[in-house]
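So this one's upload.cif, mmCIF, C-alpha atoms:
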data_model
loop_
_atom_site.group_PDB
_atom_site.id
_atom_site.type_symbol
_atom_site.label_atom_id
_atom_site.label_comp_id
_atom_site.auth_asym_id
_atom_site.auth_seq_id
_atom_site.Cartn_x
_atom_site.Cartn_y
_atom_site.Cartn_z
ATOM 1 C CA MET N 1 131.291 -28.608 15.858
ATOM 2 C CA PHE N 2 128.651 -30.714 17.621
ATOM 3 C CA GLU N 3 127.959 -32.803 14.561
ATOM 4 C CA LYS N 4 131.665 -33.675 14.555
ATOM 5 C CA ILE N 5 131.673 -34.520 18.285
ATOM 6 C CA VAL N 6 128.613 -36.762 17.954
ATOM 7 C CA ALA N 7 129.787 -38.429 14.738
ATOM 8 C CA GLU N 8 133.217 -39.179 16.206
ATOM 9 C CA HIS N 9 131.651 -40.635 19.324
ATOM 10 C CA LEU N 10 129.355 -42.910 17.305
ATOM 11 C CA ARG N 11 132.176 -43.963 14.985
ATOM 12 C CA SER N 12 134.507 -44.836 17.860
ATOM 13 C CA LYS N 13 131.775 -46.803 19.612
ATOM 14 C CA HIS N 14 130.043 -48.545 16.704
ATOM 15 C CA GLY N 15 132.366 -48.036 13.733
ATOM 16 C CA LYS N 16 129.607 -46.157 11.880
ATOM 17 C CA VAL N 17 127.383 -43.104 12.218
ATOM 18 C CA GLU N 18 123.643 -43.669 12.217
ATOM 19 C CA PHE N 19 120.715 -41.623 13.431
ATOM 20 C CA PRO N 20 118.711 -41.472 15.573
ATOM 21 C CA ILE N 21 121.491 -41.542 18.132
ATOM 22 C CA SER N 22 120.455 -43.864 20.966
ATOM 23 C CA THR N 23 119.825 -42.376 24.400
ATOM 24 C CA ASP N 24 122.468 -44.761 25.671
ATOM 25 C CA ASP N 25 125.073 -43.299 23.316
ATOM 26 C CA ILE N 26 124.157 -39.808 24.489
ATOM 27 C CA THR N 27 124.831 -40.827 28.098
ATOM 28 C CA THR N 28 128.262 -42.304 27.286
ATOM 29 C CA LEU N 29 129.133 -39.161 25.314
ATOM 30 C CA ILE N 30 128.288 -36.985 28.323
ATOM 31 C CA GLU N 31 130.108 -39.284 30.753
ATOM 32 C CA ARG N 32 133.241 -38.822 28.673
ATOM 33 C CA ASP N 33 133.259 -35.078 29.420
ATOM 34 C CA VAL N 34 131.908 -34.827 32.978
ATOM 35 C CA ALA N 35 133.082 -35.900 36.402
ATOM 36 C CA ASP N 36 129.692 -37.416 37.139
ATOM 37 C CA LEU N 37 126.345 -37.925 35.429
ATOM 38 C CA ASP N 38 123.533 -38.643 37.866
ATOM 39 C CA GLN N 39 120.641 -39.719 35.657
ATOM 40 C CA TYR N 40 118.050 -40.233 38.381
ATOM 41 C CA ALA N 41 118.524 -37.280 40.709
ATOM 42 C CA ASP N 42 115.907 -35.727 42.962
ATOM 43 C CA LEU N 43 115.927 -32.106 41.814
ATOM 44 C CA THR N 44 112.786 -31.008 43.645
ATOM 45 C CA ILE N 45 114.934 -29.161 46.208
ATOM 46 C CA TYR N 46 115.881 -26.693 43.436
ATOM 47 C CA GLY N 47 112.299 -25.646 42.749
ATOM 48 C CA THR N 48 109.462 -26.863 40.581
ATOM 49 C CA GLY N 49 110.076 -27.790 36.973
ATOM 50 C CA VAL N 50 113.868 -28.128 37.195
ATOM 51 C CA GLU N 51 114.737 -31.080 34.945
ATOM 52 C CA GLY N 52 118.486 -30.721 34.572
ATOM 53 C CA VAL N 53 121.370 -29.145 36.454
ATOM 54 C CA THR N 54 124.961 -28.610 35.377
ATOM 55 C CA GLU N 55 127.260 -27.893 38.273
ATOM 56 C CA PHE N 56 130.722 -26.503 37.568
ATOM 57 C CA ALA N 57 133.754 -26.985 39.746
ATOM 58 C CA ARG N 58 136.588 -24.425 39.879
ATOM 59 C CA THR N 59 138.910 -27.172 38.815
ATOM 60 C CA GLY N 60 137.992 -30.382 37.101
ATOM 61 C CA LYS N 61 135.058 -31.422 35.021
ATOM 62 C CA PRO N 62 131.436 -30.416 35.681
ATOM 63 C CA LYS N 63 128.727 -32.607 37.100
ATOM 64 C CA VAL N 64 125.352 -33.165 35.418
ATOM 65 C CA LEU N 65 122.163 -34.109 37.216
ATOM 66 C CA ILE N 66 119.015 -35.228 35.406
ATOM 67 C CA SER N 67 115.655 -35.372 37.152
ATOM 68 C CA ASN N 68 114.168 -38.739 37.931
ATOM 69 C CA ASP N 69 110.860 -37.518 36.429
ATOM 70 C CA VAL N 70 112.323 -36.902 32.955
ATOM 71 C CA HIS N 71 112.646 -40.650 32.290
ATOM 72 C CA ARG N 72 108.890 -41.006 31.792
ATOM 73 C CA VAL N 73 109.135 -39.588 28.278
ATOM 74 C CA GLU N 74 112.103 -40.733 26.162
ATOM 75 C CA ASN N 75 112.223 -37.670 23.883
ATOM 76 C CA ARG N 76 112.185 -35.412 26.907
ATOM 77 C CA LEU N 77 115.109 -37.330 28.401
ATOM 78 C CA ARG N 78 117.089 -37.062 25.158
ATOM 79 C CA THR N 79 116.499 -33.307 24.959
ATOM 80 C CA THR N 80 117.421 -32.756 28.601
ATOM 81 C CA LEU N 81 120.618 -34.803 28.337
ATOM 82 C CA THR N 82 121.842 -33.006 25.210
ATOM 83 C CA HIS N 83 120.783 -29.620 26.590
ATOM 84 C CA GLU N 84 122.915 -30.111 29.699
ATOM 85 C CA TYR N 85 125.737 -31.341 27.474
ATOM 86 C CA GLY N 86 125.527 -27.963 25.742
ATOM 87 C CA HIS N 87 126.205 -26.222 29.063
ATOM 88 C CA VAL N 88 129.103 -28.618 29.740
ATOM 89 C CA ILE N 89 130.802 -27.884 26.444
ATOM 90 C CA LEU N 90 130.024 -24.194 26.036
ATOM 91 C CA HIS N 91 129.859 -22.689 29.488
ATOM 92 C CA ALA N 92 132.585 -24.282 31.597
ATOM 93 C CA TYR N 93 134.929 -21.378 30.772
ATOM 94 C CA LEU N 94 132.601 -18.935 32.512
ATOM 95 C CA PHE N 95 133.079 -20.767 35.758
ATOM 96 C CA ALA N 96 136.733 -21.660 35.291
ATOM 97 C CA LEU N 97 137.860 -18.018 35.277
ATOM 98 C CA GLU N 98 136.503 -17.126 38.651
ATOM 99 C CA GLN N 99 133.858 -18.226 41.070
ATOM 100 C CA ARG N 100 130.579 -17.043 39.613
ATOM 101 C CA ARG N 101 128.547 -14.888 41.948
ATOM 102 C CA LEU N 102 124.925 -14.713 41.002
ATOM 103 C CA PRO N 103 122.013 -14.065 43.272
ATOM 104 C CA VAL N 104 120.671 -17.477 44.161
ATOM 105 C CA ASP N 105 117.522 -18.555 45.898
ATOM 106 C CA GLY N 106 116.586 -21.517 48.028
ATOM 107 C CA ASN N 107 119.023 -24.398 47.804
ATOM 108 C CA ARG N 108 120.603 -23.255 44.556
ATOM 109 C CA LYS N 109 124.355 -22.843 44.205
ATOM 110 C CA PRO N 110 126.110 -19.953 42.435
ATOM 111 C CA ASN N 111 128.265 -22.285 40.331
ATOM 112 C CA ALA N 112 125.439 -24.237 38.712
ATOM 113 C CA ILE N 113 122.902 -23.745 35.909
ATOM 114 C CA TYR N 114 119.355 -24.905 36.629
ATOM 115 C CA CYS N 115 117.283 -25.759 33.574
ATOM 116 C CA LYS N 116 113.527 -25.902 33.306
ATOM 117 C CA ARG N 117 111.582 -27.664 30.596
ATOM 118 C CA ASP N 118 109.879 -24.519 29.292
ATOM 119 C CA THR N 119 113.189 -22.915 28.261
ATOM 120 C CA MET N 120 114.975 -26.080 27.194
ATOM 121 C CA ILE N 121 113.938 -26.069 23.537
ATOM 122 C CA SER N 122 112.673 -22.587 22.826
ATOM 123 C CA ALA N 123 114.649 -20.160 24.979
ATOM 124 C CA SER N 124 114.834 -16.627 23.594
ATOM 125 C CA LYS N 125 118.198 -15.307 22.434
ATOM 126 C CA THR N 126 118.295 -12.887 25.385
ATOM 127 C CA ASP N 127 118.460 -15.916 27.677
ATOM 128 C CA TRP N 128 121.685 -16.682 25.842
ATOM 129 C CA MET N 129 123.064 -19.563 27.922
ATOM 130 C CA GLU N 130 119.788 -21.472 27.663
ATOM 131 C CA TRP N 131 119.462 -20.591 23.976
ATOM 132 C CA GLN N 132 122.971 -21.896 23.266
ATOM 133 C CA ALA N 133 122.347 -25.093 25.216
ATOM 134 C CA GLY N 134 119.090 -25.567 23.302
ATOM 135 C CA TYR N 135 120.964 -25.045 20.036
ATOM 136 C CA VAL N 136 123.493 -27.724 21.026
ATOM 137 C CA SER N 137 120.682 -30.093 21.918
ATOM 138 C CA GLY N 138 119.217 -29.668 18.428
ATOM 139 C CA ALA N 139 122.602 -29.961 16.717
ATOM 140 C CA ALA N 140 123.559 -33.108 18.649
ATOM 141 C CA LEU N 141 120.247 -34.883 18.084
ATOM 142 C CA MET N 142 119.672 -33.595 14.545
ATOM 143 C CA PRO N 143 123.017 -32.813 12.874
ATOM 144 C CA LYS N 144 122.707 -30.476 9.896
ATOM 145 C CA THR N 145 124.144 -32.867 7.279
ATOM 146 C CA TYR N 146 121.757 -35.656 8.245
ATOM 147 C CA VAL N 147 118.740 -33.321 8.421
ATOM 148 C CA GLN N 148 119.620 -31.972 4.979
ATOM 149 C CA LYS N 149 119.610 -35.521 3.628
ATOM 150 C CA ILE N 150 116.131 -36.345 4.963
ATOM 151 C CA VAL N 151 114.658 -32.940 4.168
ATOM 152 C CA GLY N 152 116.227 -32.907 0.678
ATOM 153 C CA GLU N 153 114.425 -36.111 -0.288
ATOM 154 C CA ILE N 154 111.047 -34.717 0.770
ATOM 155 C CA GLN N 155 111.691 -31.398 -0.935
ATOM 156 C CA ARG N 156 112.493 -33.221 -4.173
ATOM 157 C CA GLU N 157 109.404 -35.437 -3.904
ATOM 158 C CA ARG N 158 107.137 -32.476 -3.245
ATOM 159 C CA ASN N 159 108.854 -29.892 -5.468
ATOM 160 C CA ILE N 160 109.601 -27.608 -2.542
ATOM 161 C CA TYR N 161 111.961 -24.752 -3.408
ATOM 162 C CA GLY N 162 112.590 -22.795 -0.206
ATOM 163 C CA PRO N 163 111.158 -22.657 3.285
ATOM 164 C CA SER N 164 107.741 -24.134 4.080
ATOM 165 C CA LEU N 165 105.218 -22.786 6.533
ATOM 166 C CA PRO N 166 105.256 -24.972 9.678
ATOM 167 C CA THR N 167 101.484 -25.406 9.471
ATOM 168 C CA SER N 168 101.352 -26.190 5.742
ATOM 169 C CA GLU N 169 101.171 -29.737 4.362
ATOM 170 C CA ASN N 170 104.772 -29.534 3.247
ATOM 171 C CA GLY N 171 105.885 -28.139 6.579
ATOM 172 C CA LEU N 172 104.086 -30.916 8.452
ATOM 173 C CA ALA N 173 105.701 -33.516 6.194
ATOM 174 C CA LEU N 174 109.170 -32.119 6.965
ATOM 175 C CA ILE N 175 108.469 -32.040 10.705
ATOM 176 C CA GLY N 176 107.118 -35.611 10.621
ATOM 177 C CA ALA N 177 110.191 -36.885 8.779
ATOM 178 C CA VAL N 178 112.549 -35.292 11.305
ATOM 179 C CA VAL N 179 110.509 -36.594 14.262
ATOM 180 C CA ASN N 180 110.749 -40.131 12.859
ATOM 181 C CA GLY N 181 114.308 -39.896 11.622
ATOM 182 C CA PHE N 182 115.840 -38.511 14.796
ATOM 183 C CA SER N 183 113.460 -39.613 17.610
ATOM 184 C CA VAL N 184 112.727 -36.101 18.802
ATOM 185 C CA SER N 185 109.578 -34.245 19.777
ATOM 186 C CA ARG N 186 107.607 -32.235 17.221
ATOM 187 C CA GLU N 187 108.583 -29.068 19.082
ATOM 188 C CA ALA N 188 112.314 -29.865 18.902
ATOM 189 C CA ALA N 189 112.039 -30.821 15.215
ATOM 190 C CA THR N 190 110.182 -27.599 14.401
ATOM 191 C CA VAL N 191 112.758 -25.411 16.169
ATOM 192 C CA ARG N 192 115.642 -27.188 14.415
ATOM 193 C CA LEU N 193 114.009 -26.901 10.980
ATOM 194 C CA LYS N 194 113.407 -23.181 11.583
ATOM 195 C CA ILE N 195 117.025 -22.634 12.639
ATOM 196 C CA LEU N 196 118.243 -24.420 9.508
ATOM 197 C CA GLY N 197 115.904 -22.387 7.313
ATOM 198 C CA PHE N 198 113.691 -25.248 6.110
ATOM 199 C CA LEU N 199 110.656 -23.841 7.917
ATOM 200 C CA GLY N 200 109.629 -20.235 7.817
ATOM 201 C CA GLN N 201 107.685 -17.757 5.764
ATOM 202 C CA GLU N 202 107.041 -19.289 2.353
ATOM 203 C CA LEU N 203 108.570 -17.459 -0.567
ATOM 204 C CA ALA N 204 106.143 -15.898 -3.010
ATOM 205 C CA THR N 205 105.082 -18.633 -5.400
ATOM 206 C CA GLY N 206 102.824 -18.824 -8.347
ATOM 207 C CA ASN N 207 102.515 -20.126 -11.846
ATOM 208 C CA LEU N 208 104.271 -17.846 -14.307
ATOM 209 C CA PHE N 209 101.592 -18.595 -16.852
ATOM 210 C CA SER N 210 98.497 -18.042 -14.739
ATOM 211 C CA MET G 1 138.637 -45.797 45.547
ATOM 212 C CA SER G 2 136.502 -44.876 48.536
ATOM 213 C CA SER G 3 133.151 -46.495 47.905
ATOM 214 C CA PHE G 4 131.547 -49.483 46.242
ATOM 215 C CA GLY G 5 129.524 -47.220 43.950
ATOM 216 C CA ARG G 6 132.535 -45.267 42.744
ATOM 217 C CA ALA G 7 134.457 -48.487 42.108
ATOM 218 C CA ILE G 8 131.596 -49.827 39.987
ATOM 219 C CA ALA G 9 131.197 -46.543 38.055
ATOM 220 C CA SER G 10 134.920 -46.303 37.419
ATOM 221 C CA ALA G 11 135.215 -49.925 36.213
ATOM 222 C CA ARG G 12 132.141 -49.482 33.996
ATOM 223 C CA LYS G 13 133.504 -46.321 32.362
ATOM 224 C CA GLN G 14 136.910 -47.965 31.828
ATOM 225 C CA ARG G 15 135.110 -50.629 29.841
ATOM 226 C CA ALA G 16 133.202 -47.974 27.864
ATOM 227 C CA MET G 17 129.864 -49.357 29.013
ATOM 228 C CA SER G 18 126.733 -47.329 29.654
ATOM 229 C CA GLN G 19 124.671 -47.836 32.795
ATOM 230 C CA LYS G 20 121.997 -49.465 30.661
ATOM 231 C CA GLU G 21 124.483 -51.954 29.184
ATOM 232 C CA LEU G 22 125.932 -52.907 32.560
ATOM 233 C CA ALA G 23 122.510 -53.145 34.210
ATOM 234 C CA ALA G 24 121.395 -55.580 31.500
ATOM 235 C CA LYS G 25 124.319 -57.898 32.335
ATOM 236 C CA VAL G 26 123.985 -57.911 36.131
ATOM 237 C CA VAL G 27 121.408 -60.555 36.961
ATOM 238 C CA LYS G 28 119.583 -60.945 40.279
ATOM 239 C CA GLU G 29 118.861 -64.280 41.975
ATOM 240 C CA ASP G 30 115.509 -64.462 40.177
ATOM 241 C CA GLY G 31 117.207 -64.287 36.768
ATOM 242 C CA GLU G 32 116.045 -60.717 36.081
ATOM 243 C CA ALA G 33 118.545 -58.008 35.224
ATOM 244 C CA ILE G 34 118.819 -55.041 37.567
ATOM 245 C CA THR G 35 117.395 -51.724 36.374
ATOM 246 C CA PRO G 36 119.576 -48.802 35.203
ATOM 247 C CA GLN G 37 117.995 -46.709 37.953
ATOM 248 C CA TYR G 38 119.070 -49.192 40.642
ATOM 249 C CA LEU G 39 122.595 -49.227 39.173
ATOM 250 C CA ASN G 40 122.619 -45.410 39.107
ATOM 251 C CA ASP G 41 121.623 -45.362 42.798
ATOM 252 C CA ILE G 42 124.383 -47.860 43.631
ATOM 253 C CA GLU G 43 126.960 -45.817 41.711
ATOM 254 C CA HIS G 44 125.921 -42.709 43.652
ATOM 255 C CA ASP G 45 126.069 -44.525 47.008
ATOM 256 C CA ARG G 46 122.353 -44.093 47.589
ATOM 257 C CA ARG G 47 121.878 -47.878 47.790
ATOM 258 C CA ASN G 48 124.088 -50.867 48.498
ATOM 259 C CA PRO G 49 123.950 -54.154 46.602
ATOM 260 C CA SER G 50 121.337 -56.215 48.398
ATOM 261 C CA SER G 51 123.104 -59.594 48.377
ATOM 262 C CA ASP G 52 126.345 -61.553 48.022
ATOM 263 C CA HIS G 53 124.996 -62.753 44.712
ATOM 264 C CA LEU G 54 124.877 -59.193 43.325
ATOM 265 C CA VAL G 55 128.387 -58.393 44.580
ATOM 266 C CA SER G 56 129.736 -61.458 42.773
ATOM 267 C CA GLU G 57 127.725 -60.548 39.654
ATOM 268 C CA PHE G 58 129.330 -57.083 39.549
ATOM 269 C CA ALA G 59 132.754 -58.650 40.135
ATOM 270 C CA LYS G 60 132.198 -61.177 37.350
ATOM 271 C CA VAL G 61 130.845 -58.748 34.742
ATOM 272 C CA LEU G 62 133.376 -56.002 35.468
ATOM 273 C CA LYS G 63 136.254 -58.426 36.150
ATOM 274 C CA ILE G 64 137.012 -56.987 39.605
ATOM 275 C CA ASP G 65 138.325 -58.978 42.566
ATOM 276 C CA PRO G 66 135.182 -59.699 44.629
ATOM 277 C CA LEU G 67 137.150 -59.410 47.885
ATOM 278 C CA ALA G 68 138.010 -55.811 46.982
ATOM 279 C CA LEU G 69 134.305 -55.083 46.472
ATOM 280 C CA TYR G 70 133.383 -56.685 49.811
ATOM 281 C CA GLY G 71 136.063 -54.524 51.421
ATOM 282 C CA LEU G 72 134.474 -51.390 49.978
ATOM 283 C CA ILE G 73 131.034 -52.166 51.394
ATOM 284 C CA GLY G 74 132.597 -53.160 54.732
ATOM 285 C CA MET G 75 131.359 -56.734 54.572
ATOM 286 C CA LEU G 76 132.876 -60.177 54.596
ATOM 287 C CA PRO G 77 131.949 -62.673 51.888
ATOM 288 C CA GLU G 78 129.292 -65.228 52.826
ATOM 289 C CA GLN G 79 131.814 -68.086 53.267
ATOM 290 C CA ASP G 80 133.881 -66.005 55.720
ATOM 291 C CA ARG G 81 130.774 -64.982 57.632
ATOM 292 C CA LYS G 82 129.963 -68.703 58.008
ATOM 293 C CA LEU G 83 133.492 -69.377 59.292
ATOM 294 C CA ILE G 84 133.174 -66.582 61.830
ATOM 295 C CA ARG G 85 129.878 -67.977 63.092
ATOM 296 C CA LYS G 86 131.603 -71.316 63.737
ATOM 297 C CA SER G 87 134.700 -69.824 65.394
ATOM 298 C CA THR G 88 135.469 -68.662 68.911
ATOM 299 C CA PRO G 89 136.132 -64.929 69.543
ATOM 300 C CA ASP G 90 139.858 -65.715 70.045
ATOM 301 C CA GLN G 91 140.075 -67.490 66.684
ATOM 302 C CA VAL G 92 138.379 -64.548 64.959
ATOM 303 C CA ASN G 93 140.732 -62.118 66.666
ATOM 304 C CA GLN G 94 143.793 -64.112 65.591
ATOM 305 C CA ALA G 95 142.509 -64.300 62.027
ATOM 306 C CA PHE G 96 142.062 -60.518 61.866
ATOM 307 C CA VAL G 97 145.543 -59.899 63.330
ATOM 308 C CA ALA G 98 146.995 -62.217 60.661
ATOM 309 C CA PHE G 99 144.949 -60.431 57.975
ATOM 310 C CA ARG G 100 146.219 -57.009 59.074
ATOM 311 C CA ARG G 101 149.808 -58.292 59.044
ATOM 312 C CA HIS G 102 149.199 -59.601 55.547
ATOM 313 C CA LEU G 103 147.919 -56.176 54.423
ATOM 314 C CA LYS G 104 150.987 -54.434 55.867
ATOM 315 C CA GLY G 105 153.049 -56.828 53.775
#

Using the file provided, produce a representation of the structure as structure tokens.
Amino acid sequence: MFEKIVAEHLRSKHGKVEFPISTDDITTLIERDVADLDQYADLTIYGTGVEGVTEFARTGKPKVLISNDVHRVENRLRTTLTHEYGHVILHAYLFALEQRRLPVDGNRKPNAIYCKRDTMISASKTDWMEWQAGYVSGAALMPKTYVQKIVGEIQRERNIYGPSLPTSENGLALIGAVVNGFSVSREAATVRLKILGFLGQELATGNLFS
Amino acid sequence: MSSFGRAIASARKQRAMSQKELAAKVVKEDGEAITPQYLNDIEHDRRNPSSDHLVSEFAKVLKIDPLALYGLIGMLPEQDRKLIRKSTPDQVNQAFVAFRRHLKG
């Protein structure tokens, strides 16, 4: 689903699909589906570590705010933007049905999701909204078909048949290729490769004749 | 359209431009392009364009009537400000009455 959204956006804008997607193209993709994208917002009033906020309206499109601080590291900005886009696409229905009433603290609003860096890439599945948004971030930045292409070449070169351990030489080669091919952090690349089954517990291997 | 920032954001999106692309085309008096952050602040009404030059740059790049942009920031263009400085209060008053009549059509 997200691969299709991203590919269509790139094709309509540039007439072709190439990765890594530029940060600029991510922003125009988000702007297409939100009422407002504030890329340099002061989010300190929502507590420490909040890097992105998606605010839903009862009617109309949501609003996305990205912390001013996130711009210092490009990969961090790309992850935050696509993460919030995940909330925009997947979670608007939750707020459209009725006004959400959650206990809120400080200046926070009940109709908004506040995202911190530490849960942006590796949220647990019990924190399902953050996990889903993190999944979207990975899928938008590293679409499965394009990852398969890059990973497939390395697997052929290195005779890899199955998942590699993230800390093994093969695993590190796969992570490095995804980092370079999609302009993402090592952490984001590792999570994506695990989700797609390219990293994990190595299958039992051995020479049949030894 | 109720603010300068919203007018700029709306015109930019209509032209399928990103903030970074527009910022690179809007050039200050010193020949340097404005930053995407400055543009973002303008679009969110946190800052106003600092000069007539910038207003006309936005108008030129986004193909908007500069007078409409001046209207949104509640300012007269430089040439009209000069005229006002040279005129008597009665002349200014008459000019504004004529302008309002013109707006009413």

Spatial neighbours of stretch 77-86 of chain G, max dist 12 Å, only C-alpha atoms, sep filter under 2 positions, as a list in words:
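So, after excluding close chain neighbours, the residues are Ser51, Asp52, His53, Leu54, Val55, Ser56, Asp65, Pro66, Leu67, Ala68, Leu69, Tyr70, Gly71, Leu72, Ile73, Gly74, Met75, Thr88, Pro89, Asp90, Gln91, Val92, Asn93, Gln94, Ala95 and Phe96 of chain G.
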
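Distances to G:Ala9 were evaluated for N:Leu172, N:Ala35, N:Val6, N:Cys115 using all atoms listed in the file, and the minimum falls at N:Ala35.
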
Do you know which residues the PyMOL selection byres ((chain G) within 12 of (chain N)) returns on this file, as a list in words?
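Expected selection for the PyMOL selection byres ((chain G) within 12 of (chain N)) here is Gly5, Arg6, Ala9, Ser10, Arg12, Lys13, Gln14, Arg15, Ala16, Met17, Ser18, Gln19, Lys20, Glu21, Leu22, Ala23, Thr35, Pro36, Gln37, Tyr38, Leu39, Asn40, Asp41, Ile42, Glu43, His44, Asp45 and Arg46 of chain G.
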
What separation in Å, quoted to one decimal, exists between atom CA of N:Gly86 and atom CA of N:Val136?
5.1 Å

So how far away is atom CA of N:Leu90 from atom CA of N:Lys109, in Å?
19.1 Å

On this structure, which residues satisfy the PyMOL selection byres ((chain N and resi 151) around 12), written as an MDAnalysis selection string?
chainID N and resid 142 144:150 152:164 170:181 189 192:193 196:199

Take the PyMOL selection byres ((chain N and resi 183) around 9), run it mentally on this structure, and tell me the resulting residues as a ChimeraX atom specification.
/N:19-22,74-75,78,141,178-182,184-185

Using Å and a single decimal, report how far atom CA of N:Pro143 sits from atom CA of N:Ser12.
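These two atoms are separated by 17.4 Å.
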
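Distances to G:Lys60 were evaluated for G:Leu103, G:Leu76, G:Val26, G:Ala7 using all atoms listed in the file, and the minimum falls at G:Val26.
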
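Shortest separation to N:Asp118 among N:Thr59, N:Glu51, N:Arg72, N:Thr167 occurs at residue N:Glu51, atoms counted being all atoms listed in the file.
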
Point out the residue among G:Arg47, G:Glu57, G:Ser87, G:Arg100 with the least atom-to-atom distance to G:Ser3, counting all atoms listed in the file.
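Of G:Arg47, G:Glu57, G:Ser87, G:Arg100, the one nearest G:Ser3, counting all atoms listed in the file, is G:Arg47.
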
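Of the listed residues (N:Arg186, N:Lys16, N:Lys4, N:His83), N:His83 comes nearest to N:Gln132; the distances count all atoms listed in the file.
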
Mind giving me the axis-aligned box for stretch 172-185 of chain N with 8 Å on every side, centre plus edges in Å to one decimal, as AutoDock Vina command-line options?
--center_x 110.0 --center_y -35.5 --center_z 13.0 --size_x 27.8 --size_y 25.2 --size_z 29.6
